[in-house]
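Raw data_23.txt, compact mmCIF, C-alpha atoms and all ligand atoms:
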```txt
# COMPACT_ATOMS: atom_id res chain seq x y z
CA MET A 18 7.55 13.39 -94.53
CA LYS A 19 3.77 13.07 -94.27
CA ALA A 20 2.42 11.95 -90.90
CA ILE A 21 -0.74 11.78 -88.84
CA ARG A 22 -0.22 13.90 -85.71
CA PHE A 23 -2.33 15.30 -82.91
CA HIS A 24 -1.54 18.64 -81.27
CA GLU A 25 -4.15 18.32 -78.48
CA HIS A 26 -6.12 15.53 -76.82
CA GLY A 27 -9.63 14.74 -78.02
CA GLY A 28 -11.66 12.54 -80.36
CA PRO A 29 -10.55 11.21 -83.75
CA GLU A 30 -11.07 14.72 -85.20
CA VAL A 31 -7.81 15.94 -83.56
CA LEU A 32 -5.76 13.72 -85.91
CA ARG A 33 -4.17 15.83 -88.66
CA TYR A 34 -2.55 14.54 -91.84
CA GLU A 35 0.32 16.98 -92.32
CA ASP A 36 4.01 17.55 -92.99
CA ALA A 37 6.41 16.64 -90.18
CA ALA A 38 10.19 16.70 -89.86
CA ASP A 39 11.95 13.48 -90.91
CA PRO A 40 13.25 11.47 -87.93
CA GLN A 41 17.04 11.69 -87.53
CA PRO A 42 18.47 8.28 -86.53
CA ALA A 43 21.31 8.30 -83.98
CA PRO A 44 24.16 5.76 -84.10
CA GLY A 45 22.66 2.37 -83.27
CA GLU A 46 19.31 3.29 -84.80
CA ALA A 47 17.76 2.42 -88.15
CA LEU A 48 15.56 4.61 -90.34
CA VAL A 49 12.62 2.70 -91.80
CA ARG A 50 10.19 3.60 -94.62
CA VAL A 51 6.81 2.63 -93.15
CA ARG A 52 4.56 0.56 -95.45
CA ALA A 53 1.92 -0.54 -92.94
CA CYS A 54 1.03 0.32 -89.35
CA ALA A 55 -1.61 -1.49 -87.29
CA LEU A 56 -3.85 0.21 -84.75
CA ASN A 57 -3.97 -0.65 -81.05
CA HIS A 58 -6.17 0.56 -78.19
CA LEU A 59 -3.09 2.32 -76.85
CA ASP A 60 -3.43 4.76 -79.78
CA LEU A 61 -6.93 5.72 -78.63
CA TRP A 62 -5.92 6.12 -74.97
CA GLU A 63 -3.07 8.47 -75.73
CA ARG A 64 -5.11 10.49 -78.22
CA SER A 65 -7.91 10.94 -75.66
CA GLY A 66 -5.39 11.65 -72.90
CA LEU A 67 -4.66 9.73 -69.72
CA PRO A 68 -4.25 11.35 -66.30
CA GLN A 69 -0.60 11.03 -65.13
CA VAL A 70 0.64 10.26 -68.66
CA PRO A 71 2.13 13.35 -70.32
CA ILE A 72 2.28 13.03 -74.12
CA PRO A 73 4.69 15.44 -75.85
CA MET A 74 2.86 17.38 -78.61
CA PRO A 75 2.57 17.14 -81.51
CA HIS A 76 2.57 13.37 -81.31
CA ILE A 77 2.76 10.51 -83.84
CA SER A 78 1.14 7.24 -82.68
CA GLY A 79 1.67 3.75 -84.03
CA SER A 80 3.31 0.76 -82.30
CA ASP A 81 2.97 -1.98 -84.94
CA VAL A 82 5.07 -1.26 -88.00
CA ALA A 83 6.32 -3.03 -91.12
CA GLY A 84 8.36 -1.45 -93.89
CA GLU A 85 11.73 -1.22 -95.61
CA VAL A 86 15.08 -0.24 -94.15
CA ILE A 87 16.42 3.05 -95.49
CA SER A 88 19.59 3.13 -93.40
CA SER A 89 20.91 0.98 -90.56
CA GLY A 90 24.71 1.16 -90.66
CA VAL A 91 24.98 -2.65 -90.42
CA ALA A 92 25.42 -5.16 -93.23
CA GLU A 93 22.86 -7.72 -91.95
CA VAL A 94 19.94 -5.35 -92.53
CA PRO A 95 20.95 -3.36 -95.63
CA PRO A 96 18.85 -0.63 -97.26
CA GLY A 97 15.77 -2.13 -98.93
CA ARG A 98 15.51 -5.04 -96.47
CA ARG A 99 11.86 -5.73 -95.58
CA VAL A 100 11.31 -5.74 -91.83
CA MET A 101 8.75 -5.62 -89.07
CA LEU A 102 9.54 -3.85 -85.81
CA GLN A 103 9.71 -4.99 -82.21
CA PRO A 104 7.34 -2.56 -80.46
CA GLY A 105 9.21 -2.56 -77.11
CA ILE A 106 12.13 -0.15 -76.78
CA SER A 107 14.63 -0.69 -73.96
CA CYS A 108 18.18 0.33 -73.08
CA GLY A 109 19.85 -3.03 -73.72
CA ARG A 110 22.38 -2.48 -70.90
CA CYS A 111 20.58 -2.75 -67.53
CA VAL A 112 20.21 -5.87 -65.37
CA GLU A 113 16.61 -6.39 -66.52
CA CYS A 114 17.51 -6.13 -70.23
CA LEU A 115 20.52 -8.41 -69.85
CA SER A 116 18.46 -10.93 -67.83
CA GLY A 117 15.96 -11.30 -70.67
CA ARG A 118 13.30 -9.13 -69.02
CA ASP A 119 13.63 -6.09 -71.26
CA ASN A 120 9.94 -5.23 -70.74
CA GLU A 121 10.89 -4.47 -67.10
CA CYS A 122 13.71 -2.07 -68.15
CA PRO A 123 13.46 1.21 -66.16
CA GLY A 124 13.64 3.04 -69.50
CA TYR A 125 11.08 0.80 -71.23
CA GLN A 126 8.98 2.53 -73.88
CA VAL A 127 6.51 1.38 -76.46
CA LEU A 128 7.07 2.55 -80.03
CA GLY A 129 4.58 5.32 -80.80
CA TYR A 130 3.70 5.91 -77.15
CA ARG A 131 4.73 8.87 -75.00
CA ASP A 132 8.22 10.10 -76.01
CA HIS A 133 8.72 7.83 -79.00
CA ALA A 134 7.26 8.83 -82.38
CA GLY A 135 5.55 5.88 -84.06
CA GLY A 136 4.42 4.50 -87.39
CA TYR A 137 1.50 6.76 -88.40
CA ALA A 138 4.05 8.32 -90.75
CA GLU A 139 6.13 7.68 -93.84
CA LEU A 140 9.32 7.30 -91.78
CA VAL A 141 10.19 5.99 -88.31
CA LYS A 142 13.45 5.40 -86.43
CA VAL A 143 14.10 2.49 -84.04
CA PRO A 144 17.08 0.83 -82.32
CA LEU A 145 18.75 -1.77 -84.56
CA GLN A 146 17.76 -4.60 -82.21
CA ASN A 147 14.10 -3.83 -82.98
CA LEU A 148 14.41 -4.89 -86.64
CA ILE A 149 12.97 -8.31 -87.53
CA PRO A 150 13.70 -9.25 -91.17
CA LEU A 151 10.68 -10.56 -93.10
CA PRO A 152 10.61 -13.49 -95.51
CA ASP A 153 9.32 -12.63 -99.01
CA HIS A 154 5.97 -14.39 -98.61
CA ILE A 155 4.87 -12.23 -95.63
CA ASP A 156 3.12 -9.05 -96.80
CA PHE A 157 3.50 -5.71 -95.01
CA VAL A 158 -0.12 -5.55 -93.78
CA SER A 159 0.07 -8.97 -92.09
CA ALA A 160 3.51 -8.16 -90.67
CA ALA A 161 2.27 -4.90 -89.15
CA ALA A 162 -0.71 -6.72 -87.63
CA PHE A 163 1.45 -9.25 -85.81
CA PRO A 164 3.89 -7.87 -83.21
CA LEU A 165 2.07 -6.11 -80.36
CA THR A 166 -0.95 -8.33 -79.91
CA PHE A 167 0.84 -11.65 -80.47
CA LEU A 168 3.64 -10.55 -78.14
CA THR A 169 1.11 -9.53 -75.48
CA ALA A 170 -0.93 -12.73 -75.79
CA TRP A 171 2.20 -14.93 -75.88
CA HIS A 172 3.56 -13.37 -72.69
CA MET A 173 0.17 -13.73 -70.96
CA LEU A 174 -0.35 -17.40 -71.88
CA MET A 175 3.13 -18.87 -72.05
CA VAL A 176 5.07 -16.83 -69.47
CA ARG A 177 2.54 -15.57 -66.93
CA ALA A 178 -0.14 -18.31 -66.98
CA GLN A 179 2.31 -21.14 -67.85
CA LEU A 180 -0.14 -22.75 -70.29
CA GLU A 181 0.05 -26.55 -70.43
CA ARG A 182 -1.31 -28.97 -73.02
CA GLY A 183 -4.86 -29.91 -72.09
CA ASP A 184 -5.64 -26.71 -70.18
CA ASP A 185 -9.04 -25.11 -70.57
CA VAL A 186 -8.67 -21.44 -71.54
CA LEU A 187 -11.29 -18.68 -71.70
CA VAL A 188 -10.40 -15.82 -74.07
CA LEU A 189 -12.54 -12.70 -73.74
CA ALA A 190 -13.52 -10.83 -76.90
CA ALA A 191 -12.00 -13.10 -79.53
CA GLY A 192 -12.51 -10.37 -82.13
CA SER A 193 -10.06 -8.02 -80.43
CA GLY A 194 -6.40 -7.91 -81.37
CA VAL A 195 -5.25 -9.70 -78.22
CA GLY A 196 -8.25 -12.04 -78.38
CA GLN A 197 -7.60 -13.39 -81.89
CA ALA A 198 -3.92 -13.88 -81.05
CA ALA A 199 -4.65 -15.63 -77.73
CA VAL A 200 -7.13 -18.07 -79.33
CA GLN A 201 -4.56 -19.10 -81.94
CA ILE A 202 -1.63 -19.43 -79.49
CA ALA A 203 -3.69 -21.46 -77.00
CA VAL A 204 -5.07 -23.82 -79.67
CA LEU A 205 -1.58 -24.38 -81.12
CA HIS A 206 -0.31 -25.34 -77.66
CA GLY A 207 -2.97 -27.96 -77.08
CA ALA A 208 -5.55 -26.07 -75.04
CA ARG A 209 -9.32 -26.33 -75.32
CA VAL A 210 -10.40 -22.76 -75.95
CA PHE A 211 -13.63 -21.06 -74.95
CA ALA A 212 -14.08 -17.58 -76.36
CA THR A 213 -16.58 -14.75 -76.14
CA ALA A 214 -17.79 -12.56 -78.99
CA GLY A 215 -20.23 -9.70 -79.39
CA SER A 216 -22.22 -10.75 -82.47
CA ALA A 217 -23.26 -13.82 -84.45
CA GLY A 218 -20.77 -12.98 -87.19
CA LYS A 219 -17.93 -12.76 -84.70
CA VAL A 220 -18.97 -16.11 -83.18
CA GLU A 221 -18.35 -17.80 -86.53
CA GLN A 222 -15.01 -16.06 -86.97
CA ALA A 223 -13.88 -17.11 -83.49
CA ARG A 224 -14.81 -20.71 -84.27
CA SER A 225 -12.80 -20.57 -87.48
CA LEU A 226 -9.71 -19.69 -85.40
CA GLY A 227 -10.12 -22.91 -83.44
CA ALA A 228 -12.26 -21.98 -80.44
CA SER A 229 -14.32 -25.00 -79.32
CA HIS A 230 -17.18 -22.96 -77.86
CA VAL A 231 -18.04 -19.31 -78.38
CA ILE A 232 -20.29 -17.45 -75.93
CA GLN A 233 -22.15 -14.29 -76.99
CA HIS A 234 -21.13 -11.94 -74.21
CA TYR A 235 -23.94 -9.40 -74.64
CA GLU A 236 -26.67 -12.07 -74.45
CA GLN A 237 -25.36 -14.92 -72.33
CA ASP A 238 -24.01 -15.18 -68.78
CA VAL A 239 -20.36 -15.99 -69.52
CA ALA A 240 -19.50 -17.60 -66.17
CA GLY A 241 -22.75 -19.59 -66.18
CA GLU A 242 -22.00 -20.93 -69.67
CA ILE A 243 -18.40 -21.77 -68.73
CA MET A 244 -19.60 -23.75 -65.70
CA ARG A 245 -22.19 -25.58 -67.82
CA LEU A 246 -19.67 -26.40 -70.58
CA THR A 247 -17.00 -27.63 -68.12
CA ASN A 248 -19.31 -29.71 -65.88
CA ARG A 249 -19.07 -27.11 -63.08
CA ARG A 250 -15.25 -27.22 -63.08
CA GLY A 251 -14.36 -23.86 -64.63
CA VAL A 252 -11.31 -23.01 -66.74
CA ASP A 253 -7.61 -23.13 -65.87
CA ILE A 254 -6.78 -19.78 -67.49
CA VAL A 255 -8.77 -16.62 -68.26
CA ILE A 256 -7.31 -14.07 -70.67
CA GLU A 257 -8.78 -10.71 -69.56
CA HIS A 258 -8.44 -7.31 -71.20
CA VAL A 259 -11.99 -5.95 -71.02
CA GLY A 260 -11.98 -4.88 -67.35
CA GLU A 261 -14.91 -3.59 -65.35
CA ALA A 262 -17.70 -5.00 -67.57
CA THR A 263 -16.45 -8.58 -67.45
CA TRP A 264 -14.21 -8.87 -64.37
CA ALA A 265 -16.64 -10.53 -61.93
CA GLY A 266 -17.67 -13.16 -64.49
CA SER A 267 -14.04 -13.80 -65.41
CA VAL A 268 -13.12 -14.55 -61.78
CA ARG A 269 -16.22 -16.76 -61.37
CA SER A 270 -15.19 -18.75 -64.47
CA LEU A 271 -11.93 -19.97 -62.89
CA ALA A 272 -11.43 -23.57 -61.77
CA ARG A 273 -9.61 -24.42 -58.52
CA GLY A 274 -6.00 -23.38 -59.01
CA GLY A 275 -7.02 -21.20 -61.95
CA ARG A 276 -5.01 -18.23 -63.23
CA LEU A 277 -6.47 -14.99 -64.49
CA VAL A 278 -4.13 -12.77 -66.52
CA THR A 279 -5.12 -9.25 -67.49
CA CYS A 280 -3.45 -6.85 -69.91
CA GLY A 281 -6.10 -4.16 -70.18
CA ALA A 282 -9.28 -2.58 -68.90
CA THR A 283 -11.00 -1.04 -71.91
CA THR A 284 -14.38 -0.76 -70.10
CA GLY A 285 -12.99 0.69 -66.85
CA PRO A 286 -10.30 0.07 -64.24
CA HIS A 287 -12.27 -1.15 -61.20
CA GLY A 288 -13.19 -4.75 -60.42
CA THR A 289 -14.33 -6.45 -57.21
CA LEU A 290 -12.79 -9.65 -55.91
CA ASN A 291 -14.41 -12.21 -53.58
CA LEU A 292 -11.53 -12.95 -51.20
CA ASN A 293 -13.20 -16.15 -49.97
CA ALA A 294 -13.10 -17.48 -53.53
CA LEU A 295 -9.52 -16.25 -53.98
CA PHE A 296 -8.08 -18.29 -51.12
CA SER A 297 -10.42 -21.27 -51.03
CA LYS A 298 -10.05 -21.94 -54.77
CA ARG A 299 -6.32 -21.01 -54.63
CA LEU A 300 -6.72 -18.56 -57.50
CA THR A 301 -3.93 -16.48 -59.00
CA ILE A 302 -4.59 -13.00 -60.44
CA MET A 303 -1.78 -11.60 -62.61
CA GLY A 304 -1.05 -8.46 -64.55
CA SER A 305 0.83 -8.47 -67.84
CA TYR A 306 2.15 -5.66 -70.04
CA MET A 307 3.73 -6.29 -73.44
CA GLY A 308 6.40 -9.04 -73.30
CA THR A 309 10.10 -9.50 -73.98
CA LYS A 310 11.87 -9.25 -77.32
CA GLY A 311 12.68 -12.95 -76.86
CA ASN A 312 8.97 -13.78 -76.48
CA LEU A 313 8.21 -12.16 -79.82
CA LEU A 314 11.06 -14.03 -81.51
CA GLN A 315 9.63 -17.28 -80.09
CA ALA A 316 6.25 -16.54 -81.69
CA VAL A 317 7.63 -15.35 -85.05
CA PRO A 318 8.47 -18.79 -86.58
CA LEU A 319 4.85 -19.88 -86.08
CA PHE A 320 3.77 -16.80 -88.03
CA PHE A 321 6.31 -17.14 -90.83
CA SER A 322 5.47 -20.86 -91.27
CA GLY A 323 1.75 -20.10 -91.56
CA ARG A 324 0.66 -21.83 -88.34
CA MET A 325 -0.51 -18.50 -86.86
CA LYS A 326 -1.93 -15.66 -88.89
CA PRO A 327 -3.03 -12.24 -87.68
CA VAL A 328 -6.64 -11.63 -88.67
CA ILE A 329 -7.01 -8.46 -90.73
CA ASP A 330 -10.29 -6.64 -90.26
CA ARG A 331 -9.67 -3.99 -92.91
CA THR A 332 -7.12 -1.50 -94.12
CA PHE A 333 -7.27 2.28 -94.48
CA PRO A 334 -4.90 4.73 -96.20
CA LEU A 335 -2.73 6.65 -93.71
CA ALA A 336 -4.64 9.87 -94.40
CA ASP A 337 -7.85 8.17 -93.14
CA ALA A 338 -6.44 7.31 -89.71
CA ALA A 339 -9.34 9.10 -88.00
CA ALA A 340 -11.89 6.80 -89.67
CA ALA A 341 -9.76 3.80 -88.75
CA GLN A 342 -9.63 4.87 -85.08
CA ARG A 343 -13.40 5.45 -85.06
CA ARG A 344 -13.94 1.86 -86.19
CA LEU A 345 -11.66 0.53 -83.44
CA GLY A 346 -13.30 2.77 -80.83
CA GLU A 347 -16.73 1.41 -81.69
CA SER A 348 -15.58 -2.25 -81.40
CA GLU A 349 -16.92 -3.01 -84.87
CA GLN A 350 -13.83 -4.90 -85.96
CA PHE A 351 -12.83 -8.54 -85.92
CA GLY A 352 -9.05 -8.62 -85.92
CA LYS A 353 -6.60 -5.87 -86.73
CA ILE A 354 -7.21 -2.55 -88.45
CA VAL A 355 -4.16 -1.54 -90.48
CA LEU A 356 -3.05 1.73 -92.09
CA GLU A 357 -1.30 1.44 -95.45
CA VAL A 358 1.36 4.08 -95.92
ZN ZN A 401 17.31 -1.79 -69.86
```
Here is a file; write its structure as C-alpha cells.
Amino acid sequence: MKAIRFHEHGGPEVLRYEDAADPQPAPGEALVRVRACALNHLDLWERSGLPQVPIPMPHISGSDVAGEVISSGVAEVPPGRRVMLQPGISCGRCVECLSGRDNECPGYQVLGYRDHAGGYAELVKVPLQNLIPLPDHIDFVSAAAFPLTFLTAWHMLMVRAQLERGDDVLVLAAGSGVGQAAVQIAVLHGARVFATAGSAGKVEQARSLGASHVIQHYEQDVAGEIMRLTNRRGVDIVIEHVGEATWAGSVRSLARGGRLVTCGATTGPHGTLNLNALFSKRLTIMGSYMGTKGNLLQAVPLFFSGRMKPVIDRTFPLADAAAAQRRLGESEQFGKIVLEV
C-alpha cells in the first residue's frame, strides 16, 4: 500500500509518501480501506518527538479514520460496509474495560500513536469493536473529522465537568478541533457559551456554531471580558487545551464552584495556580484524555441526525500530508484538516 511515514523525528519535511507493507489483521481485527483521515495535534507531537515517548520507526500517524471494510470475519460489518473508527484501542477484558472505563485500560492506545499504525495510509487494521457503521448520508470526510475531537470534548463536558442546562461555559480557541466540538456540544445541552478566537474571521465562525460571545484572545483580556460579560460572576466550566499561554486567565475566569477541564497544553506544560483562589472559590481542576467508546456512541446519534457537524477547514490529498500538517502547526485553520486517501 501507499502510506505517509516518518523514519526520524523532525519537521513536516520528514514525512515520506512511500510504499509500506499491508497491515495483516489478526483474528478479532478488521482490515479497512481508508478513504479519509483527519489530522490532530497528536500527529505533530509524535512527528516532532516527545521525551519519554518512544515511537517505533518507521511510523504511520492518523487517529481519525473513515473508510470501507475489506475484511472483518463477522456478518454485521461485511466487506464494503462504510465505517468510521473508534480511535481508542483497549483490551476489552480488564476491569477498567468491563466497567465502561476503557480509556483507563492499562493497555490503552490511540490509533496511529506509538505502537499502532494509523490512517495516513491506504489500509489500516483495528479491533472489530472499533468499527462504527456509517449511514449513507454521512460522507467520509465528515466522518473522519468527527471521532477524536468530539469524543474528547464530550468526555470533558459531560463526564468530567458534569455540564448542566443553564451553565456558563468558556471554550478556548473555538477554531481548534476540540474547540468547535465543545461549542456545539455545550450549546446543544443548554449552556450559554463564551468562546475565544484568534482572528475576526474566526470570531464569526465561532458565532455561527452557537457561541453567544466570542473574545479575540490575542487582543482582549479573556478573564476581564468574561467577568464583564457575566456581571463579575465568572463561568461554571472552562474547556482548556491551550496551556501555558492561557492558563492563568482560564483559572481567573471561573465562578465560585467552577470546574476547569484540560486535555492539552499546545503552548507549553507549565501553569501557576493561586491556591487562595482554589480553596476560597472551591474550584475544581481536572485532567481529561480521550474518552470511552460508550461516550463516542452517545455523541454519534447527534452527528448522524445533523444536530452536530464537524467543521471542515480544508482537505488535502494523502501525498500532501506535510502541507496539511504545516497548516495545523501554524494554527491557520478553523475546524478539521482532513486527508483524502
Ligand atoms: Zn482493558
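If you count only C-alpha atoms and ignore residues fewer than 4 places along the chain from stretch 319-322 of chain A, what sits within 9 Å of it is Leu151, Pro152, His154, Ile155, Phe163, Gln315, Lys326 and Pro327 of chain A.
Each residue with an atom within 7 Å of any atom of ligand ZN 401 (chain A) appears in the list, which was built counting all atoms listed in the file: A:Ser107, A:Cys108, A:Gly109, A:Arg110, A:Cys111, A:Val112, A:Glu113, A:Cys114, A:Asp119, A:Cys122, A:Pro123, A:Gly124, A:Tyr125.
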Which of A:Leu187, A:Leu174, A:Leu205, A:Leu313 sits closest to A:Arg269 [using only C-alpha atoms]: A:Leu187
As a PyMOL selection string, please: the residues near A:Ser270 (cut-off 7 Å, all atoms listed in the file, same-chain neighbours under 5 positions excluded). chain A and resi 240+243-244+251-252
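When atom CA of A:Ala138 is paired with atom CA of A:Asp81, their separation reads 11.9 Å.
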For A:Gly266, find every residue with an atom within 12 Å (counting all atoms listed in the file), except residues of its own chain fewer than 4 positions away, and show them as a PyMOL selection string. chain A and resi 187+189+213+234+237-244+251-252+255+257+259-262+270-271+277+288-291
With distances taken over all atoms listed in the file, which residue among A:Tyr130, A:Phe23, A:Tyr137, A:Phe351 lies nearest A:Asp337? A:Tyr137
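Among the candidate residues A:Gly84, A:Val231, A:Glu139, A:Gly97, the one lying nearest to A:Asp36 is A:Glu139, with distances computed using all atoms listed in the file.
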Which residues are close to A:Met303, i.e. within 8 Å by only C-alpha atoms, leaving aside same-chain residues fewer than 3 positions away? Reply as an mmCIF file with C-alpha atoms, in the frame of the given file.
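Result written to part_28.cif:
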```cif
data_model
loop_
_atom_site.group_PDB
_atom_site.id
_atom_site.type_symbol
_atom_site.label_atom_id
_atom_site.label_comp_id
_atom_site.auth_asym_id
_atom_site.auth_seq_id
_atom_site.Cartn_x
_atom_site.Cartn_y
_atom_site.Cartn_z
ATOM 1 C CA ARG A 177 2.540 -15.570 -66.930
ATOM 2 C CA ARG A 276 -5.010 -18.230 -63.230
ATOM 3 C CA LEU A 277 -6.470 -14.990 -64.490
ATOM 4 C CA VAL A 278 -4.130 -12.770 -66.520
ATOM 5 C CA THR A 279 -5.120 -9.250 -67.490
#
```
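In terms of minimum interatomic distance to A:Arg64, A:Leu32 ranks closest within A:Leu32, A:Ala340, A:Val268, A:Ile87, counting all atoms listed in the file.
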Surrounding residues of A:Met74 excluding itself and chain neighbours under 2 positions, 7 Å, all atoms listed in the file, as number ranges by chain: A: 24, 72, 76
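A straight line drawn from atom CA of A:Arg209 to atom CA of A:Cys280 is 21.1 Å long.
The coordinates place atom CA of A:Phe167 at 11.5 Å from atom CA of A:Thr309.
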